[in-house]
$ cat upload39.txt   # compact mmCIF, C-alpha atoms
# COMPACT_ATOMS: atom_id res chain seq x y z
CA MET A 1 11.01 66.16 107.29
CA SER A 2 9.53 62.99 108.78
CA LEU A 3 5.76 62.42 108.77
CA SER A 4 5.66 62.29 112.57
CA LYS A 5 7.45 65.63 112.79
CA LEU A 6 5.13 67.19 110.24
CA ILE A 7 2.11 65.97 112.19
CA GLY A 8 3.53 67.68 115.28
CA TYR A 9 3.20 71.03 113.50
CA LYS A 10 -0.57 70.44 113.09
CA PRO A 11 -0.73 71.73 109.48
CA TRP A 12 -4.46 70.92 109.24
CA ARG A 13 -5.44 73.71 111.63
CA PRO A 14 -7.17 76.50 109.66
CA LEU A 15 -4.67 79.22 110.66
CA HIS A 16 -1.65 77.01 109.98
CA LEU A 17 -3.07 75.85 106.67
CA ARG A 18 -3.78 79.42 105.60
CA LEU A 19 -0.22 80.55 106.37
CA ILE A 20 1.21 77.58 104.48
CA ILE A 21 -1.03 78.16 101.45
CA GLN A 22 -0.07 81.81 101.35
CA ASP A 23 3.59 80.79 101.08
CA VAL A 24 2.84 78.10 98.51
CA MET A 25 1.00 80.64 96.35
CA SER A 26 3.63 83.34 97.00
CA MET A 27 0.96 85.45 98.69
CA SER A 28 3.42 86.21 101.48
CA SER A 29 5.01 88.86 99.27
CA GLN A 30 3.59 91.95 100.92
CA PRO A 31 3.71 95.49 99.50
CA GLU A 32 6.63 97.50 100.81
CA ARG A 33 5.77 100.45 103.00
CA ASP A 34 7.91 103.03 104.73
CA HIS A 35 10.34 102.02 107.47
CA ILE A 36 8.25 103.47 110.32
CA THR A 37 5.13 101.54 109.31
CA HIS A 38 7.06 98.26 109.31
CA LEU A 39 8.84 99.23 112.53
CA ARG A 40 5.60 99.92 114.38
CA ALA A 41 4.23 96.55 113.33
CA ALA A 42 7.37 94.67 114.45
CA ILE A 43 7.45 96.46 117.81
CA ASP A 44 3.72 95.88 118.31
CA TRP A 45 4.30 92.18 117.69
CA LEU A 46 7.11 92.11 120.28
CA CYS A 47 4.77 93.80 122.77
CA VAL A 48 2.17 91.10 122.11
CA ALA A 49 4.91 88.50 122.70
CA GLN A 50 5.75 90.09 126.05
CA ASP A 51 2.09 90.38 127.06
CA ALA A 52 1.58 86.69 126.23
CA ARG A 53 3.48 85.87 129.44
CA ASP A 54 1.45 88.15 131.74
CA GLY A 55 0.15 86.34 134.79
CA LYS A 56 2.76 83.60 134.46
CA PRO A 57 5.95 83.01 136.49
CA ASP A 58 8.05 84.37 133.61
CA ALA A 59 6.02 87.60 133.25
CA GLY A 60 8.13 90.53 132.13
CA GLY A 61 10.17 88.47 129.73
CA VAL A 62 9.39 88.21 126.04
CA SER A 63 7.95 84.97 124.67
CA ALA A 64 10.49 83.19 122.47
CA GLY A 65 7.90 83.35 119.72
CA TRP A 66 4.83 81.72 118.33
CA SER A 67 4.98 78.29 116.74
CA PHE A 68 2.59 75.96 114.98
CA GLU A 69 3.58 73.26 117.44
CA ASP A 70 3.18 75.03 120.79
CA GLY A 71 1.55 78.44 120.26
CA TRP A 72 3.15 81.19 122.35
CA LEU A 73 6.36 79.88 123.89
CA PRO A 74 7.77 80.73 127.35
CA SER A 75 9.86 83.85 127.91
CA TYR A 76 13.36 83.43 126.52
CA PRO A 77 16.11 84.86 128.75
CA GLU A 78 18.70 85.01 125.95
CA THR A 79 16.74 87.05 123.45
CA THR A 80 14.83 89.11 126.01
CA GLY A 81 18.31 90.32 127.01
CA TYR A 82 19.04 91.93 123.68
CA ILE A 83 15.47 93.03 122.97
CA ILE A 84 15.92 95.53 125.82
CA GLU A 85 18.14 97.70 123.61
CA THR A 86 15.60 97.52 120.79
CA PHE A 87 12.78 98.85 122.96
CA ILE A 88 14.94 101.67 124.29
CA ALA A 89 15.75 102.79 120.75
CA ALA A 90 12.17 102.37 119.51
CA ALA A 91 10.79 104.37 122.46
CA LYS A 92 12.58 107.43 121.11
CA ILE A 93 12.08 106.89 117.39
CA LEU A 94 8.38 106.05 117.71
CA ASP A 95 7.78 108.49 120.59
CA GLN A 96 6.39 105.66 122.72
CA PRO A 97 7.71 106.11 126.28
CA GLU A 98 5.73 103.08 127.44
CA LEU A 99 8.35 100.97 125.67
CA LEU A 100 10.84 102.09 128.34
CA ARG A 101 8.55 100.68 131.02
CA ARG A 102 8.51 97.43 129.11
CA ALA A 103 12.30 97.46 128.94
CA HIS A 104 12.49 97.93 132.71
CA ARG A 105 10.19 94.93 133.17
CA MET A 106 12.50 92.84 131.01
CA ILE A 107 15.47 93.89 133.13
CA ASP A 108 13.64 93.11 136.36
CA TRP A 109 12.85 89.63 135.10
CA GLU A 110 16.40 88.98 133.90
CA LEU A 111 17.84 90.07 137.25
CA SER A 112 15.41 87.75 139.02
CA VAL A 113 16.70 84.69 137.14
CA GLN A 114 20.45 85.35 137.40
CA GLN A 115 22.15 82.55 139.30
CA ALA A 116 24.28 83.04 142.39
CA ASP A 117 27.47 82.29 140.44
CA GLY A 118 26.65 85.02 137.88
CA ALA A 119 25.41 82.81 135.04
CA PHE A 120 22.03 83.27 133.43
CA PRO A 121 19.88 80.24 132.64
CA GLY A 122 19.92 78.63 129.23
CA HIS A 123 16.90 77.69 127.11
CA PHE A 124 13.72 78.90 128.84
CA GLY A 125 15.19 78.68 132.33
CA GLU A 126 13.04 75.67 133.15
CA PRO A 127 14.07 73.36 136.03
CA GLY A 128 17.16 71.39 135.08
CA SER A 129 18.27 73.72 132.30
CA GLN A 130 21.97 74.51 132.33
CA PRO A 131 23.46 77.95 131.66
CA VAL A 132 24.90 78.48 128.18
CA ILE A 133 27.92 80.66 127.36
CA PHE A 134 26.28 82.39 124.40
CA ASN A 135 22.98 83.04 126.17
CA THR A 136 24.70 84.62 129.16
CA GLY A 137 26.62 86.93 126.82
CA GLN A 138 23.43 88.09 125.09
CA ILE A 139 21.78 88.93 128.41
CA MET A 140 24.86 90.94 129.33
CA HIS A 141 24.03 93.21 126.38
CA GLY A 142 20.73 94.00 128.09
CA MET A 143 22.47 94.63 131.38
CA LEU A 144 24.88 97.06 129.75
CA VAL A 145 22.14 99.18 128.18
CA GLY A 146 20.23 98.99 131.44
CA TYR A 147 23.18 100.70 133.08
CA LEU A 148 24.28 103.00 130.27
CA GLN A 149 20.89 104.13 128.98
CA LEU A 150 18.49 103.62 131.88
CA GLY A 151 20.87 104.46 134.71
CA ARG A 152 20.46 101.24 136.69
CA PRO A 153 23.76 100.49 138.52
CA GLU A 154 22.58 97.00 139.52
CA CYS A 155 22.68 96.08 135.84
CA LEU A 156 26.41 96.77 135.59
CA LEU A 157 27.00 94.70 138.72
CA ALA A 158 25.03 91.85 137.14
CA ALA A 159 27.04 92.12 133.92
CA VAL A 160 30.36 92.05 135.78
CA LYS A 161 29.24 89.04 137.80
CA ALA A 162 28.19 87.24 134.61
CA GLY A 163 31.50 88.19 133.00
CA HIS A 164 33.50 86.58 135.78
CA TRP A 165 31.45 83.41 135.34
CA LEU A 166 32.36 83.39 131.64
CA VAL A 167 36.06 83.82 132.47
CA LYS A 168 35.96 80.83 134.81
CA GLN A 169 34.56 78.59 132.05
CA GLN A 170 37.10 79.62 129.41
CA ASP A 171 39.95 77.37 128.29
CA GLU A 172 43.52 78.66 127.99
CA ASP A 173 43.30 79.00 124.20
CA GLY A 174 40.36 81.40 124.56
CA CYS A 175 37.72 78.90 123.47
CA TRP A 176 34.67 77.94 125.50
CA ARG A 177 33.94 74.23 125.48
CA ARG A 178 31.90 73.90 128.65
CA TYR A 179 28.31 75.07 128.94
CA GLU A 180 28.01 75.19 125.17
CA HIS A 181 24.99 74.46 122.97
CA ASN A 182 25.17 70.81 121.90
CA ALA A 183 28.45 70.56 123.86
CA LEU A 184 30.38 72.10 120.94
CA PRO A 185 32.56 75.24 120.70
CA HIS A 186 31.12 77.99 118.53
CA THR A 187 32.75 80.84 116.64
CA TYR A 188 29.51 82.83 116.88
CA ASN A 189 30.21 83.31 120.58
CA THR A 190 31.96 86.49 119.40
CA ARG A 191 28.61 88.23 119.76
CA GLY A 192 28.67 87.42 123.47
CA THR A 193 32.38 88.24 123.61
CA TRP A 194 31.46 91.74 122.43
CA ALA A 195 29.35 92.15 125.61
CA LEU A 196 32.13 90.69 127.76
CA LEU A 197 34.59 93.16 126.24
CA GLY A 198 32.22 96.08 126.71
CA THR A 199 31.66 95.13 130.34
CA GLY A 200 35.39 94.87 130.95
CA LEU A 201 36.07 98.28 129.41
CA ILE A 202 33.15 100.09 131.06
CA ALA A 203 33.72 98.59 134.51
CA ASP A 204 37.52 98.84 134.15
CA GLU A 205 37.93 95.09 134.69
CA PRO A 206 41.10 94.01 132.78
CA LEU A 207 40.39 90.33 133.48
CA LEU A 208 37.19 90.52 131.46
CA LYS A 209 38.81 92.51 128.65
CA ASN A 210 41.70 90.05 128.33
CA SER A 211 39.32 87.09 128.34
CA ALA A 212 37.39 88.67 125.48
CA ILE A 213 40.56 89.23 123.45
CA ARG A 214 41.62 85.61 123.93
CA ASN A 215 38.30 84.41 122.55
CA LEU A 216 38.43 86.81 119.62
CA ASP A 217 41.90 85.51 118.74
CA TRP A 218 40.66 81.91 118.91
CA ALA A 219 37.68 82.79 116.73
CA LEU A 220 39.90 84.63 114.25
CA ALA A 221 41.75 81.38 113.62
CA GLN A 222 38.43 79.81 112.56
CA GLN A 223 38.09 82.11 109.53
CA THR A 224 38.99 80.45 106.24
CA ASP A 225 40.56 82.04 103.17
CA SER A 226 37.10 82.70 101.71
CA GLY A 227 36.02 84.64 104.80
CA TRP A 228 33.68 81.89 106.01
CA PHE A 229 33.86 80.72 109.63
CA ALA A 230 34.48 77.14 110.68
CA THR A 231 33.19 75.77 114.00
CA ASN A 232 30.16 78.02 113.56
CA ALA A 233 27.19 75.68 113.20
CA PHE A 234 24.86 74.24 115.83
CA THR A 235 26.03 70.70 114.99
CA LEU A 236 29.10 69.16 113.37
CA ASP A 237 27.22 67.54 110.50
CA ARG A 238 25.60 70.68 109.09
CA PRO A 239 26.75 74.01 107.63
CA PRO A 240 26.14 77.19 109.65
CA PHE A 241 22.96 79.18 109.30
CA THR A 242 23.20 82.68 107.88
CA HIS A 243 21.99 83.60 111.37
CA THR A 244 25.13 82.32 113.13
CA ILE A 245 27.43 83.66 110.40
CA ALA A 246 25.92 87.11 110.99
CA TYR A 247 26.36 86.70 114.75
CA ALA A 248 30.08 86.06 114.25
CA ILE A 249 30.47 89.07 111.96
CA ARG A 250 28.76 91.45 114.39
CA GLY A 251 30.88 90.26 117.29
CA PHE A 252 34.11 90.81 115.38
CA LEU A 253 33.01 94.18 114.05
CA GLU A 254 31.85 95.73 117.32
CA SER A 255 34.73 94.29 119.33
CA GLY A 256 37.20 95.59 116.76
CA LEU A 257 35.66 99.05 116.94
CA LEU A 258 35.83 99.08 120.75
CA LEU A 259 39.48 98.01 120.71
CA GLY A 260 40.55 99.86 117.58
CA ASP A 261 41.87 96.54 116.26
CA ASP A 262 41.91 96.25 112.48
CA ARG A 263 42.33 92.46 112.62
CA TYR A 264 38.84 91.95 113.97
CA ILE A 265 37.28 94.65 111.80
CA GLY A 266 39.01 93.10 108.79
CA ALA A 267 37.54 89.69 109.59
CA ALA A 268 34.07 91.23 109.68
CA ILE A 269 34.59 93.08 106.40
CA LYS A 270 35.95 89.99 104.65
CA ALA A 271 32.90 87.90 105.59
CA ALA A 272 30.42 90.72 104.98
CA LYS A 273 31.85 91.36 101.51
CA ALA A 274 31.53 87.68 100.64
CA MET A 275 27.93 87.65 101.88
CA SER A 276 27.08 90.67 99.75
CA ALA A 277 28.49 88.87 96.71
CA ALA A 278 26.29 85.87 97.53
CA GLN A 279 23.14 88.00 97.89
CA ARG A 280 20.54 87.90 95.12
CA GLN A 281 19.33 91.15 93.59
CA ASP A 282 16.03 90.84 95.47
CA GLY A 283 17.88 90.69 98.82
CA TRP A 284 17.53 86.92 99.35
CA LEU A 285 20.27 84.95 101.10
CA ALA A 286 20.43 81.16 101.45
CA GLY A 287 19.59 79.71 104.83
CA THR A 288 23.02 78.09 105.16
CA TYR A 289 26.43 78.40 103.47
CA GLY A 290 29.44 76.16 103.19
CA ASP A 291 33.06 77.24 102.89
CA GLY A 292 33.56 79.24 99.72
CA TRP A 293 30.03 80.63 100.22
CA THR A 294 28.35 77.74 98.48
CA PRO A 295 24.60 77.84 99.27
CA LYS A 296 23.55 74.72 101.15
CA ALA A 297 19.84 75.46 101.46
CA SER A 298 17.03 76.43 99.09
CA TYR A 299 15.12 78.40 101.73
CA CYS A 300 15.94 81.81 103.20
CA CYS A 301 16.74 82.36 106.88
CA LEU A 302 14.92 85.67 107.42
CA THR A 303 16.62 86.27 110.76
CA GLY A 304 20.02 86.11 109.10
CA VAL A 305 18.93 88.51 106.36
CA ALA A 306 17.88 91.05 109.01
CA GLN A 307 21.17 90.62 110.85
CA MET A 308 23.19 91.04 107.68
CA SER A 309 21.27 94.20 106.83
CA LEU A 310 22.29 95.76 110.13
CA ASN A 311 25.85 94.39 109.83
CA TRP A 312 26.23 96.04 106.42
CA THR A 313 24.72 99.25 107.80
CA ARG A 314 27.17 99.29 110.71
CA LEU A 315 30.10 98.81 108.33
CA ALA A 316 28.89 101.76 106.27
CA GLN A 317 28.40 103.86 109.42
CA ASP A 318 31.63 103.34 111.32
CA CYS A 319 34.04 101.90 108.76
CA GLY A 320 33.26 104.19 105.85
CA ALA A 321 32.35 101.17 103.71
CA ILE A 322 29.49 102.87 101.88
CA GLU A 323 29.40 100.10 99.29
CA PHE A 324 27.48 98.07 101.87
CA LYS A 325 24.50 100.45 101.93
CA GLU A 326 22.98 98.85 98.85
CA PRO A 327 23.02 95.21 100.07
CA ALA A 328 21.66 96.43 103.42
CA ARG A 329 18.68 98.07 101.75
CA ARG A 330 18.11 95.14 99.37
CA ALA A 331 17.89 92.93 102.45
CA LEU A 332 15.35 95.27 104.07
CA SER A 333 13.27 95.27 100.89
CA TYR A 334 13.16 91.47 100.89
CA LEU A 335 12.18 91.40 104.56
CA LYS A 336 9.40 93.93 104.05
CA LYS A 337 7.91 91.74 101.33
CA ASN A 338 7.81 88.88 103.84
CA HIS A 339 6.40 90.99 106.70
CA ARG A 340 2.68 90.55 107.32
CA LEU A 341 1.28 93.95 108.26
CA ASP A 342 -2.43 93.21 107.95
CA ASP A 343 -2.83 89.58 108.98
CA PRO A 344 -5.98 89.01 111.05
CA CYS A 345 -4.01 86.82 113.49
CA SER A 346 -1.99 88.74 116.12
CA ALA A 347 0.54 85.90 116.27
CA ALA A 348 1.47 86.50 112.62
CA ARG A 349 0.69 90.21 112.19
CA GLY A 350 3.93 92.15 112.50
CA GLY A 351 6.06 89.08 113.12
CA ILE A 352 8.88 87.73 110.98
CA ALA A 353 8.90 84.01 110.27
CA GLY A 354 12.05 81.99 110.85
CA SER A 355 12.26 80.96 107.22
CA ALA A 356 10.86 81.85 103.80
CA PRO A 357 9.00 79.74 102.96
CA ILE A 358 7.69 79.19 106.47
CA TRP A 359 8.54 75.46 106.38
CA GLY A 360 12.24 76.15 105.73
CA GLY A 361 14.87 74.60 107.96
CA TYR A 362 15.45 77.54 110.32
CA SER A 363 12.82 77.94 113.08
CA ARG A 364 10.41 75.93 110.93
CA PHE A 365 6.74 76.99 111.21
CA GLU A 366 7.66 79.59 113.80
CA TYR A 367 7.81 83.35 114.35
CA PRO A 368 10.87 83.77 116.63
CA ASN A 369 11.12 86.96 118.65
CA TRP A 370 14.73 87.56 117.61
CA ALA A 371 13.72 87.77 113.92
CA ALA A 372 11.39 90.70 114.72
CA LYS A 373 14.06 92.24 116.97
CA PHE A 374 16.78 92.25 114.31
CA PHE A 375 14.34 93.48 111.65
CA ALA A 376 13.34 96.37 113.91
CA ASP A 377 16.99 97.18 114.62
CA ALA A 378 17.87 97.16 110.92
CA LEU A 379 14.97 99.49 110.11
CA MET A 380 15.92 101.97 112.84
CA MET A 381 19.61 101.92 112.02
CA ASP A 382 18.92 102.65 108.36
CA ALA A 383 16.21 105.26 109.00
CA ALA A 384 17.95 107.21 111.77
CA ASN A 385 21.61 106.43 111.00
CA ILE A 386 22.19 105.14 114.54
CA ALA A 387 23.83 102.10 116.08
CA ILE A 388 21.80 99.75 118.28
CA PRO A 389 23.08 99.53 120.93
CA PRO A 390 24.92 102.87 120.82
CA VAL A 391 28.71 102.60 120.87
CA PRO A 392 29.69 103.73 124.40
CA ASP A 393 32.19 106.46 125.16
CA VAL A 394 34.33 104.09 127.21
CA LYS A 395 36.66 106.67 128.77
CA LYS A 396 33.79 108.86 129.91
CA THR A 397 31.85 105.89 131.23
CA VAL A 398 34.79 104.53 133.22
CA VAL A 399 35.11 107.88 135.00
CA GLU A 400 31.40 107.81 135.84
CA VAL A 401 31.64 104.26 137.17
CA GLN A 402 34.61 105.18 139.37
CA ARG A 403 32.70 108.18 140.67
CA HIS A 404 29.77 105.96 141.65
CA VAL A 405 32.08 103.52 143.37

$ encode --input "upload39.txt" --output "structure tokens"
Amino acid sequence: MSLSKLIGYKPWRPLHLRLIIQDVMSMSSQPERDHITHLRAAIDWLCVAQDARDGKPDAGGVSAGWSFEDGWLPSYPETTGYIIETFIAAAKILDQPELLRRAHRMIDWELSVQQADGAFPGHFGEPGSQPVIFNTGQIMHGMLVGYLQLGRPECLLAAVKAGHWLVKQQDEDGCWRRYEHNALPHTYNTRGTWALLGTGLIADEPLLKNSAIRNLDWALAQQTDSGWFATNAFTLDRPPFTHTIAYAIRGFLESGLLLGDDRYIGAAIKAAKAMSAAQRQDGWLAGTYGDGWTPKASYCCLTGVAQMSLNWTRLAQDCGAIEFKEPARRALSYLKKNHRLDDPCSAARGGIAGSAPIWGGYSRFEYPNWAAKFFADALMMDAANIAIPPVPDVKKTVVEVQRHV
């Protein structure tokens, strides 16, 4: 890290310095408590992140997180989209109906920023920002639960409109190369493809379903013999984060379950099994991996650990792969030990840092909202043996959609 970049993080500020020292002295290892205690703290932190945008043009969305460099960041359309499902699930498990009101506010904000062509804005939606394929797919997840779980028909219309935009950007081989982060194709788009597939099935739109299958087939060709995924990093010169590897696995798994296609489920199992073999006994995973599952980082990407915990849980739930329960719970144990429940600062209390230690290479010196979201999901899925979002009964839903039409 260059000196100028380090200075930008303002490490001399008392709060920043305290958080750094705690990691240096391994004081970030917190005592493990029960799932509900950790869940409440993570959800409370996400509420604080949403409230941080009150009174601003992006009110209703959830701040992308809190960083040493900029404090509370603007609302993030991409991750607000999939936090909707988290709040719906947590409202029931925690018996906090006000979380449903918060979910509705997120939906209202997302609908307000959808473009006329169906795309959703990339980055923070600031002037000049271009839509991004992956981001639009993640917001579609929020639109689907808005329709399926909150009964808002305008959400399904928004998802279908976004789906048609995705189809128009897709190349013949199923890959997306336009409107991509860093102008590169990405295998981890499978997590957005899962939403495209779900929208196509629920709305009975074969064009969307077939587009999703084409992308899944392209992505399948990116898996190597070891189970690792090529074309899966943010840039060409670096290995993929555990975060993006986990994205790819979830997309293959959930799409395979919706289609009943063992090829996609098998791809998810192959990668998940390799990740479990790479996991340390304390639940730690490296921040990045090369082909053959060679660790390429000395830090841990906490977001990726949370995602892998829920991936392993899903495989145990719907694929009968009970051998994945243990790595899922080891991952949760590691996350709990890095979860600050009693910090005096509301920006850190209940949040999950991007990396352990906090200066690691993923979301350096930052508490990203998606880390707390995936941690909360993993806790709920393990505690209540549920899927987040729930797997839809496609046949029943199609009949309901047709009846509405």

$ atom_distance --input "upload39.txt" --atom1 "CA of Gly60 in chain A" --atom2 "CA of Gly8 in chain A"
28.8 Å

$ closest_atom_pairs --input "upload39.txt" --of "range 38-147 of chain A" --to "range 365-372 of chain A" --cutoff "6 Å" --atoms "only C-alpha atoms" --output "Markdown table"
| residue | atom | partner | partner_atom | distance |
| --- | --- | --- | --- | --- |
| A:Ala42 | CA | A:Ala372 | CA | 5.7 |
| A:Ala64 | CA | A:Asn369 | CA | 5.4 |
| A:Gly65 | CA | A:Pro368 | CA | 4.3 |
| A:Trp66 | CA | A:Tyr367 | CA | 5.2 |
| A:Ser67 | CA | A:Glu366 | CA | 4.2 |
| A:Phe68 | CA | A:Phe365 | CA | 5.7 |

$ closest_residue --input "upload39.txt" --among "A:Pro392, A:Thr242, A:Gly118, A:Thr294" --to "Leu257 in chain A" --atoms "only C-alpha atoms"
A:Pro392

$ closest_residue --input "upload39.txt" --among "A:Ala91, A:Ala348, A:Cys155, A:Leu150" --to "Ser112 in chain A" --atoms "all atoms listed in the file"
A:Cys155

$ closest_residue --input "upload39.txt" --among "A:Lys10, A:Arg263, A:His181, A:Arg250" --to "Asp70 in chain A" --atoms "all atoms listed in the file"
A:Lys10

$ closest_residue --input "upload39.txt" --among "A:Ile386, A:Leu341, A:Leu216, A:Ile107" --to "Gly151 in chain A" --atoms "only C-alpha atoms"
A:Ile107

$ residues_around --input "upload39.txt" --residues "Ser276 in chain A" --least-positions-apart "4" --cutoff "10 Å" --atoms "all atoms listed in the file" --output "MDAnalysis selection string"
chainID A and resid 271:272 280:281 283 285 308:309 312 323:324 326:328 331

$ closest_residue --input "upload39.txt" --among "A:Ala162, A:Ile249, A:Leu94, A:Leu208" --to "Ala274 in chain A" --atoms "only C-alpha atoms"
A:Ile249

$ closest_atom_pairs --input "upload39.txt" --of "range 220-337 of chain A" --to "range 195-203 of chain A" --cutoff "12 Å" --atoms "only C-alpha atoms" --output "tab-separated table"
residue	atom	partner	partner_atom	distance
A:Arg250	CA	A:Ala195	CA	11.3
A:Gly251	CA	A:Ala195	CA	8.7
A:Phe252	CA	A:Leu197	CA	11.1
A:Glu254	CA	A:Ala195	CA	9.4
A:Ser255	CA	A:Leu197	CA	7.0
A:Gly256	CA	A:Leu197	CA	10.1
A:Leu257	CA	A:Gly198	CA	10.8
A:Leu258	CA	A:Gly198	CA	7.6
A:Leu259	CA	A:Leu197	CA	8.8

$ atom_distance --input "upload39.txt" --atom1 "CA of Ser355 in chain A" --atom2 "CA of Asn135 in chain A"
21.9 Å

$ axis_aligned_box --input "upload39.txt" --around "range 37-43 of chain A" --padding-each-side "3 Å" --output "JSON"
{"center_x": 6.5, "center_y": 98.1, "center_z": 113.6, "size_x": 10.6, "size_y": 12.9, "size_z": 14.5}

$ residues_around --input "upload39.txt" --residues "Ala89 in chain A" --least-positions-apart "2" --cutoff "9 Å" --atoms "all atoms listed in the file" --output "number ranges by chain"
A: 84-87, 91-94, 377, 380, 388-389

$ atom_distance --input "upload39.txt" --atom1 "CA of Gln317 in chain A" --atom2 "CA of Met275 in chain A"
17.9 Å

$ build_atoms --input "upload39.txt" --residues "range 167-184 of chain A" --atoms "N, CA and C atoms" --output "mmCIF file, keeping the file's coordinate frame"
data_model
loop_
_atom_site.group_PDB
_atom_site.id
_atom_site.type_symbol
_atom_site.label_atom_id
_atom_site.label_comp_id
_atom_site.auth_asym_id
_atom_site.auth_seq_id
_atom_site.Cartn_x
_atom_site.Cartn_y
_atom_site.Cartn_z
ATOM 1 N N VAL A 167 34.601 83.980 132.376
ATOM 2 C CA VAL A 167 36.060 83.820 132.470
ATOM 3 C C VAL A 167 36.400 82.473 133.091
ATOM 4 N N LYS A 168 35.669 82.082 134.108
ATOM 5 C CA LYS A 168 35.960 80.830 134.810
ATOM 6 C C LYS A 168 35.725 79.604 133.922
ATOM 7 N N GLN A 169 34.860 79.736 132.923
ATOM 8 C CA GLN A 169 34.560 78.590 132.050
ATOM 9 C C GLN A 169 35.482 78.508 130.847
ATOM 10 N N GLN A 170 36.299 79.519 130.633
ATOM 11 C CA GLN A 170 37.100 79.620 129.410
ATOM 12 C C GLN A 170 38.366 78.781 129.478
ATOM 13 N N ASP A 171 38.704 78.118 128.375
ATOM 14 C CA ASP A 171 39.950 77.370 128.290
ATOM 15 C C ASP A 171 41.105 78.315 127.975
ATOM 16 N N GLU A 172 42.323 77.819 128.155
ATOM 17 C CA GLU A 172 43.520 78.660 127.990
ATOM 18 C C GLU A 172 43.641 79.251 126.586
ATOM 19 N N ASP A 173 43.172 78.512 125.578
ATOM 20 C CA ASP A 173 43.300 79.000 124.200
ATOM 21 C C ASP A 173 42.245 80.036 123.844
ATOM 22 N N GLY A 174 41.385 80.394 124.804
ATOM 23 C CA GLY A 174 40.360 81.400 124.560
ATOM 24 C C GLY A 174 39.021 80.845 124.148
ATOM 25 N N CYS A 175 38.964 79.543 123.911
ATOM 26 C CA CYS A 175 37.720 78.900 123.470
ATOM 27 C C CYS A 175 36.874 78.500 124.681
ATOM 28 N N TRP A 176 35.567 78.518 124.493
ATOM 29 C CA TRP A 176 34.670 77.940 125.500
ATOM 30 C C TRP A 176 34.211 76.575 125.002
ATOM 31 N N ARG A 177 34.368 75.585 125.820
ATOM 32 C CA ARG A 177 33.940 74.230 125.480
ATOM 33 C C ARG A 177 32.958 73.664 126.490
ATOM 34 N N ARG A 178 32.889 74.294 127.648
ATOM 35 C CA ARG A 178 31.900 73.900 128.650
ATOM 36 C C ARG A 178 30.691 74.821 128.564
ATOM 37 N N TYR A 179 29.563 74.307 128.954
ATOM 38 C CA TYR A 179 28.310 75.070 128.940
ATOM 39 C C TYR A 179 28.031 75.640 127.546
ATOM 40 N N GLU A 180 28.238 74.796 126.548
ATOM 41 C CA GLU A 180 28.010 75.190 125.170
ATOM 42 C C GLU A 180 26.813 74.445 124.585
ATOM 43 N N HIS A 181 26.112 75.089 123.671
ATOM 44 C CA HIS A 181 24.990 74.460 122.970
ATOM 45 C C HIS A 181 25.473 73.222 122.238
ATOM 46 N N ASN A 182 24.814 72.109 122.481
ATOM 47 C CA ASN A 182 25.170 70.810 121.900
ATOM 48 C C ASN A 182 26.590 70.370 122.252
ATOM 49 N N ALA A 183 27.122 70.932 123.355
ATOM 50 C CA ALA A 183 28.450 70.560 123.860
ATOM 51 C C ALA A 183 29.549 70.767 122.819
ATOM 52 N N LEU A 184 29.405 71.804 121.989
ATOM 53 C CA LEU A 184 30.380 72.100 120.940
ATOM 54 C C LEU A 184 30.851 73.552 121.062
#
